[in-house]
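Participant: Sharing a structure here in structure tokens format.
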Amino acid sequence: MDSNKNGIVLKFGGASVSSPEAFSSIADIILHRKKKYSRVIVVVSAMGDTTDELISLANKVNPNPPRRELDMLLSVGERISIALLAMALAAKGTEALSFTGSQSGIITTNDHANAKIVNVKPHRLIPHLNKDKIVIVAGFQGMSLEGEITTLGRGGSDTTAVALAVSLEAEKVEFFKDVLGIYDKDPKIYQNANLLKELSYKEAFEIMDKGAQVLHSRCVRLAEKNSLPLKVLPFSRFLEEDLGTIIQDTVRSKKSISYED
Ligand SMILES: Nc1ncnc2c1ncn2[C@@H]1O[C@H](COP(=O)(O)OP(=O)(O)O)[C@@H](O)[C@H]1O
Ligand SMILES: N[C@@H](CC(=O)OP(=O)(O)O)C(=O)O
């Protein structure tokens with residue numbers, strides 16, 4: 001087991017949980033990481049196109065839904081995933097516990113559909129992590145100081161993963177994607193795209209600024225502010241340690257914890 005008691009955060013996006021069978025596959029990835037890290041915190045997004053489907057469902061009822069109610073509805077997508085993932089791990093004989101964003105202490109501004117994370121208070125998670133349990137957190141959502149359910153904006157689960165890692169002082173966040181890592185351009189569009197092994201935060205921003213949807217730029221900003229290393233790797237070939245892209249600065253300076261501006 002790794003000497004780092006603070007563990008690792010694993011983030012699985014919608015593409016990695018696009019079918020019921022996929023939960024069993026990602027459970028295997030999680031169990032593999034649990035052999036190395038004492039603390040494993042998993043952040044998961046809604047399955048496949050669930051968020052888009054929930055938006056169109058809302059629009060069928062009201063073409064201009066109240067933003068508070070839309071957040072209440074969209075937060076359901078990630079709740080489905082966390083529960084199914086805990087069930088998939090239970091089917092393999094491992095107890096894992098799922099938590100919503102609010103249960104996990106993801107405190108946000110009250111800007112529905114575009115809330116910023118202002119603090120993370122993971123008090124409910126820590127006792128379970130200390131008991132060696134795998135903790136599964138719903139991405140993309142939190143709770144405002146006013147007690148309202150909020151969402152962080154499209155792609156916001158990446159930011160949930162980084163904020164939790166910052167709060168729990170995890171070693172890094174691993175993002176499991178349907179590509180081998182970050183390329184200089186979208187590999188699904190450009191056959192001549194080059195896979196990049198290592199990037200500074202600045203270089204990662206430059207790629208995101210060109211429109212790459214591979215990582216949310218907000219999560220890269222949060223990681224940079226807290227000197228947290230990020231790794232993007234394929235969920236299909238997770239055993240190949242050399243694959244993927246690492247984003248970090250060459251010098252990791254210890255900074256005090258800070259969340260979104
Ligand atoms: N520069 C890039 N490098 C890698 N992937 C990119 C890039 N630009 C766009 N993409 C796209 O980003 C997608 C992100 O992966 P995906 O598994 O869909 O993420 P998630 O499920 O976490 O939202 C890839 O499928 C890829 O087509
Ligand atoms: N489910 C949300 C949040 C998210 O981050 O999704 P993904 O990890 O699949 O990009 C969305 O579709 O925007």
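Identifiers in the structure tokens: chain A, B, ... in order shown; residue index from 1 per chain; ligand index from 1 in order shown.
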As a PyMOL selection string, please: all residues of range 159-250 of chain A that backbone DSSP puts in strand (DSSP E or B).

Facilitator: chain A and resi 173-177+183+195+198-199+230-234+245-247

Participant: Write to file, as a compact mmCIF listing (two decimals), in the first residue's frame, the residues of the selection just made, with C-alpha atoms.

Facilitator:
```
# COMPACT_ATOMS: atom_id res chain seq x y z
CA VAL A 173 -6.78 13.40 -9.53
CA GLU A 174 -7.03 10.79 -12.28
CA PHE A 175 -9.60 11.56 -15.01
CA PHE A 176 -10.71 8.47 -16.95
CA LYS A 177 -11.63 9.33 -20.54
CA TYR A 183 -3.59 15.64 -27.56
CA LEU A 195 -0.59 12.65 -27.65
CA GLU A 198 3.32 16.00 -19.77
CA LEU A 199 1.91 19.54 -19.67
CA LEU A 230 -3.86 15.98 -12.68
CA LYS A 231 -3.69 12.92 -14.90
CA VAL A 232 -5.88 12.19 -17.94
CA LEU A 233 -5.88 8.53 -18.95
CA PRO A 234 -8.06 6.01 -20.85
CA THR A 245 -1.09 12.90 -19.80
CA ILE A 246 0.11 14.41 -16.55
CA ILE A 247 -0.53 18.11 -15.86
```

Participant: Could you give me the residues within 10 Å of ligand 1, counting only C-alpha atoms and all ligand atoms, as a ChimeraX atom specification?

Facilitator: /A:11-18,44-49,154-158,175-190,193-196,204,207-208,210-216,232-235,245

Participant: For the residues in the current selection, export N, CA and C atoms as a short mmCIF file (atom, residue, chain, number, x, y, z; two decimals), in the first residue's frame.

Facilitator:
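The result, stored in out39.cif:
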```cif
data_model
loop_
_atom_site.label_atom_id
_atom_site.label_comp_id
_atom_site.auth_asym_id
_atom_site.auth_seq_id
_atom_site.Cartn_x
_atom_site.Cartn_y
_atom_site.Cartn_z
N LYS A 11 -11.87 10.33 -11.20
CA LYS A 11 -13.07 10.94 -11.78
C LYS A 11 -13.49 10.20 -13.05
N PHE A 12 -14.75 9.78 -13.08
CA PHE A 12 -15.31 9.08 -14.23
C PHE A 12 -16.41 9.94 -14.84
N GLY A 13 -16.23 10.30 -16.11
CA GLY A 13 -17.21 11.14 -16.80
C GLY A 13 -18.32 10.32 -17.43
N GLY A 14 -19.24 11.03 -18.08
CA GLY A 14 -20.41 10.38 -18.68
C GLY A 14 -20.04 9.30 -19.69
N ALA A 15 -18.94 9.49 -20.42
CA ALA A 15 -18.56 8.51 -21.45
C ALA A 15 -18.14 7.18 -20.81
N SER A 16 -17.63 7.23 -19.59
CA SER A 16 -17.16 5.99 -18.94
C SER A 16 -18.30 5.23 -18.26
N VAL A 17 -19.47 5.87 -18.14
CA VAL A 17 -20.64 5.20 -17.54
C VAL A 17 -21.83 5.33 -18.49
N SER A 18 -21.60 4.95 -19.74
CA SER A 18 -22.67 5.14 -20.73
C SER A 18 -23.65 3.96 -20.78
N VAL A 44 -18.18 10.83 -9.90
CA VAL A 44 -18.77 10.30 -11.12
C VAL A 44 -19.82 11.27 -11.68
N SER A 45 -19.92 11.26 -13.02
CA SER A 45 -20.89 12.12 -13.71
C SER A 45 -22.13 11.31 -14.05
N ALA A 46 -23.10 12.01 -14.63
CA ALA A 46 -24.32 11.35 -15.09
C ALA A 46 -24.01 10.44 -16.28
N MET A 47 -24.80 9.38 -16.43
CA MET A 47 -24.57 8.40 -17.50
C MET A 47 -24.79 9.03 -18.88
N GLY A 48 -23.81 8.84 -19.77
CA GLY A 48 -23.97 9.21 -21.19
C GLY A 48 -24.61 10.57 -21.40
N ASP A 49 -25.77 10.56 -22.08
CA ASP A 49 -26.45 11.82 -22.41
C ASP A 49 -27.54 12.20 -21.41
N ARG A 154 -22.08 23.03 -17.16
CA ARG A 154 -21.78 21.81 -17.92
C ARG A 154 -20.30 21.44 -17.79
N GLY A 155 -20.03 20.17 -17.63
CA GLY A 155 -18.65 19.71 -17.43
C GLY A 155 -18.14 19.91 -16.02
N GLY A 156 -19.04 20.29 -15.10
CA GLY A 156 -18.61 20.69 -13.76
C GLY A 156 -18.10 19.57 -12.86
N SER A 157 -18.30 18.31 -13.24
CA SER A 157 -17.82 17.22 -12.38
C SER A 157 -16.30 17.23 -12.25
N ASP A 158 -15.61 17.66 -13.28
CA ASP A 158 -14.14 17.76 -13.19
C ASP A 158 -13.75 18.67 -12.02
N PHE A 175 -8.38 11.40 -14.21
CA PHE A 175 -9.60 11.56 -15.01
C PHE A 175 -9.62 10.45 -16.06
N PHE A 176 -10.63 9.59 -16.01
CA PHE A 176 -10.71 8.47 -16.95
C PHE A 176 -11.59 8.85 -18.14
N LYS A 177 -10.98 8.81 -19.33
CA LYS A 177 -11.63 9.33 -20.54
C LYS A 177 -11.67 8.26 -21.62
N ASP A 178 -12.38 8.57 -22.72
CA ASP A 178 -12.43 7.64 -23.85
C ASP A 178 -11.33 7.92 -24.87
N VAL A 179 -10.30 8.65 -24.46
CA VAL A 179 -9.11 8.91 -25.29
C VAL A 179 -7.87 8.54 -24.45
N LEU A 180 -6.72 8.42 -25.11
CA LEU A 180 -5.50 7.97 -24.39
C LEU A 180 -4.91 9.04 -23.48
N GLY A 181 -5.35 10.29 -23.66
CA GLY A 181 -4.81 11.39 -22.87
C GLY A 181 -5.15 12.69 -23.59
N ILE A 182 -4.40 13.73 -23.29
CA ILE A 182 -4.63 15.01 -23.96
C ILE A 182 -3.72 15.10 -25.19
N TYR A 183 -4.31 15.47 -26.29
CA TYR A 183 -3.59 15.64 -27.56
C TYR A 183 -3.48 17.13 -27.88
N ASP A 184 -2.66 17.47 -28.88
CA ASP A 184 -2.56 18.88 -29.27
C ASP A 184 -3.84 19.36 -29.95
N LYS A 185 -4.66 18.44 -30.46
CA LYS A 185 -5.99 18.75 -30.99
C LYS A 185 -6.87 17.51 -30.84
N ASP A 186 -8.17 17.67 -31.06
CA ASP A 186 -9.11 16.56 -30.80
C ASP A 186 -8.78 15.34 -31.67
N PRO A 187 -8.37 14.23 -31.04
CA PRO A 187 -7.98 13.04 -31.83
C PRO A 187 -9.15 12.39 -32.55
N LYS A 188 -10.38 12.72 -32.13
CA LYS A 188 -11.53 12.12 -32.81
C LYS A 188 -11.82 12.86 -34.12
N ILE A 189 -11.27 14.06 -34.26
CA ILE A 189 -11.48 14.85 -35.49
C ILE A 189 -10.22 14.81 -36.37
N TYR A 190 -9.04 14.93 -35.72
CA TYR A 190 -7.78 15.03 -36.48
C TYR A 190 -6.96 13.75 -36.30
N ALA A 193 -3.38 14.08 -34.77
CA ALA A 193 -3.20 14.70 -33.45
C ALA A 193 -2.10 13.96 -32.68
N ASN A 194 -1.31 14.72 -31.92
CA ASN A 194 -0.21 14.12 -31.15
C ASN A 194 -0.57 14.03 -29.67
N LEU A 195 -0.33 12.85 -29.08
CA LEU A 195 -0.59 12.65 -27.65
C LEU A 195 0.53 13.34 -26.85
N LEU A 196 0.14 14.10 -25.83
CA LEU A 196 1.12 14.86 -25.05
C LEU A 196 1.30 14.16 -23.71
N ALA A 204 -1.72 23.42 -20.59
CA ALA A 204 -3.06 22.82 -20.61
C ALA A 204 -4.12 23.88 -20.91
N ILE A 207 -4.37 24.64 -24.58
CA ILE A 207 -5.13 23.62 -25.35
C ILE A 207 -6.63 23.78 -25.10
N MET A 208 -7.00 24.02 -23.83
CA MET A 208 -8.43 24.20 -23.51
C MET A 208 -8.98 25.46 -24.19
N LYS A 210 -8.29 26.59 -26.98
CA LYS A 210 -8.60 26.34 -28.40
C LYS A 210 -9.91 25.55 -28.52
N GLY A 211 -10.58 25.33 -27.40
CA GLY A 211 -11.91 24.69 -27.44
C GLY A 211 -11.92 23.23 -27.09
N ALA A 212 -10.79 22.66 -26.68
CA ALA A 212 -10.76 21.23 -26.35
C ALA A 212 -11.66 20.98 -25.14
N GLN A 213 -12.59 20.04 -25.29
CA GLN A 213 -13.55 19.74 -24.22
C GLN A 213 -13.04 18.64 -23.30
N VAL A 214 -11.76 18.29 -23.42
CA VAL A 214 -11.28 17.11 -22.70
C VAL A 214 -11.27 17.31 -21.18
N LEU A 215 -10.94 18.50 -20.72
CA LEU A 215 -11.01 18.85 -19.28
C LEU A 215 -11.65 20.22 -19.18
N HIS A 216 -12.33 20.45 -18.10
CA HIS A 216 -12.96 21.75 -17.85
C HIS A 216 -11.85 22.71 -17.43
N VAL A 232 -4.79 12.60 -17.04
CA VAL A 232 -5.88 12.19 -17.94
C VAL A 232 -5.45 10.89 -18.58
N LEU A 233 -6.27 9.84 -18.43
CA LEU A 233 -5.88 8.53 -18.95
C LEU A 233 -7.11 7.76 -19.44
N PRO A 234 -6.90 6.72 -20.27
CA PRO A 234 -8.06 6.01 -20.85
C PRO A 234 -8.67 4.99 -19.90
N PHE A 235 -10.02 4.97 -19.83
CA PHE A 235 -10.62 3.96 -18.94
C PHE A 235 -10.48 2.55 -19.52
N THR A 245 -1.74 11.58 -19.85
CA THR A 245 -1.09 12.90 -19.80
C THR A 245 -1.10 13.40 -18.37
#
```

Participant: Give the answer as one residue: which of A:Leu70, A:Pro122, A:Leu228, A:Val9 has the shortest atom-to-atom distance to Leu57 in chain A, using only C-alpha atoms?

Facilitator: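 That would be A:Leu70, the residue with the smallest distance to Leu57 in chain A.
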
Participant: Enumerate as a VMD selection string all residues of range 15-194 of chain A assigned to helix (DSSP H, G or I) by DSSP on the backbone, naming them with the chain letters and numbers the document uses.

Facilitator: chain A and resid 15 to 17 22 to 36 50 to 61 67 to 91 126 to 130 157 to 168

Participant: Quick one: pull the distance between CA of Asn119 in chain A and CA of Ala163 in chain A, Å, one decimal.

Facilitator: 8.3 Å

Participant: Using only C-alpha atoms and all ligand atoms, which residue out of A:Asp71, A:Glu53, A:Glu21, A:Glu78 lies closest to ligand 2?

Facilitator: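 For ligand 2, the nearest of the candidates is A:Glu78.
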
Participant: Set the distance at 9 Å and use only C-alpha atoms: which residues neighbour Ser24 in chain A once local chain neighbours fewer than 5 positions away are removed? I'd like the list as a list in words.

Facilitator: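 The contact residues come out as Leu85, Ala88, Leu89, Ala91 and Lys92 of chain A.
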
Participant: Keeping only C-alpha atoms, write the selected residues as a short mmCIF file (atom, residue, chain, number, x, y, z; two decimals), in the first residue's frame.

Facilitator:
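File produced: again-v8.cif:
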```
data_model
loop_
_atom_site.label_atom_id
_atom_site.label_comp_id
_atom_site.auth_asym_id
_atom_site.auth_seq_id
_atom_site.Cartn_x
_atom_site.Cartn_y
_atom_site.Cartn_z
CA LEU A 85 -21.52 2.46 -8.88
CA ALA A 88 -21.49 -2.50 -8.80
CA LEU A 89 -18.78 -2.48 -6.11
CA ALA A 91 -21.61 -6.97 -6.38
CA LYS A 92 -17.84 -7.50 -6.31
#
```

Participant: Using only C-alpha atoms, which of A:Arg79, A:Arg39, A:Arg68, A:Arg237 sits nearest Thr51 in chain A?

Facilitator: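 Nearest to Thr51 in chain A: A:Arg79.
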
Participant: Looking at A:Ile257, A:Ala138, A:Ala58, A:Ala223, which one is nearest to ligand 2, with distances taken over only C-alpha atoms and all ligand atoms?

Facilitator: A:Ala138

Participant: Using only C-alpha atoms, which of the listed residues (A:Ser81, A:Ser256, A:Ser167, A:Ser75) sits closest to Phe140 in chain A?

Facilitator: A:Ser75

Participant: Pick out the closest residue to ligand 2 from this set: A:Asn192, A:Arg67, A:Ser258, A:Gly77. Count only C-alpha atoms and all ligand atoms.

Facilitator: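 The answer is A:Gly77, which sits nearest to ligand 2.
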
Participant: Could you list, as a PyMOL selection string, every residue within 7 Å of Ile134 in chain A, counting only C-alpha atoms and ignoring same-chain residues fewer than 4 positions away?

Facilitator: chain A and resi 40-41+96-97+129

Participant: Would you put the residues from that selection into a file with N, CA and C atoms, as a compact mmCIF listing (two decimals), in the first residue's frame?

Facilitator:
```
# COMPACT_ATOMS: atom_id res chain seq x y z
N VAL A 40 -9.47 6.11 -1.28
CA VAL A 40 -9.91 6.27 -2.67
C VAL A 40 -11.26 7.00 -2.66
N ILE A 41 -11.26 8.17 -3.30
CA ILE A 41 -12.48 8.98 -3.42
C ILE A 41 -12.83 9.01 -4.90
N ALA A 96 -18.94 0.21 -0.63
CA ALA A 96 -18.63 1.61 -0.95
C ALA A 96 -19.86 2.42 -0.63
N LEU A 97 -19.67 3.68 -0.28
CA LEU A 97 -20.82 4.51 0.08
C LEU A 97 -20.93 5.69 -0.86
N LEU A 129 -13.67 7.17 5.08
CA LEU A 129 -12.33 7.00 4.50
C LEU A 129 -11.39 6.43 5.56
```
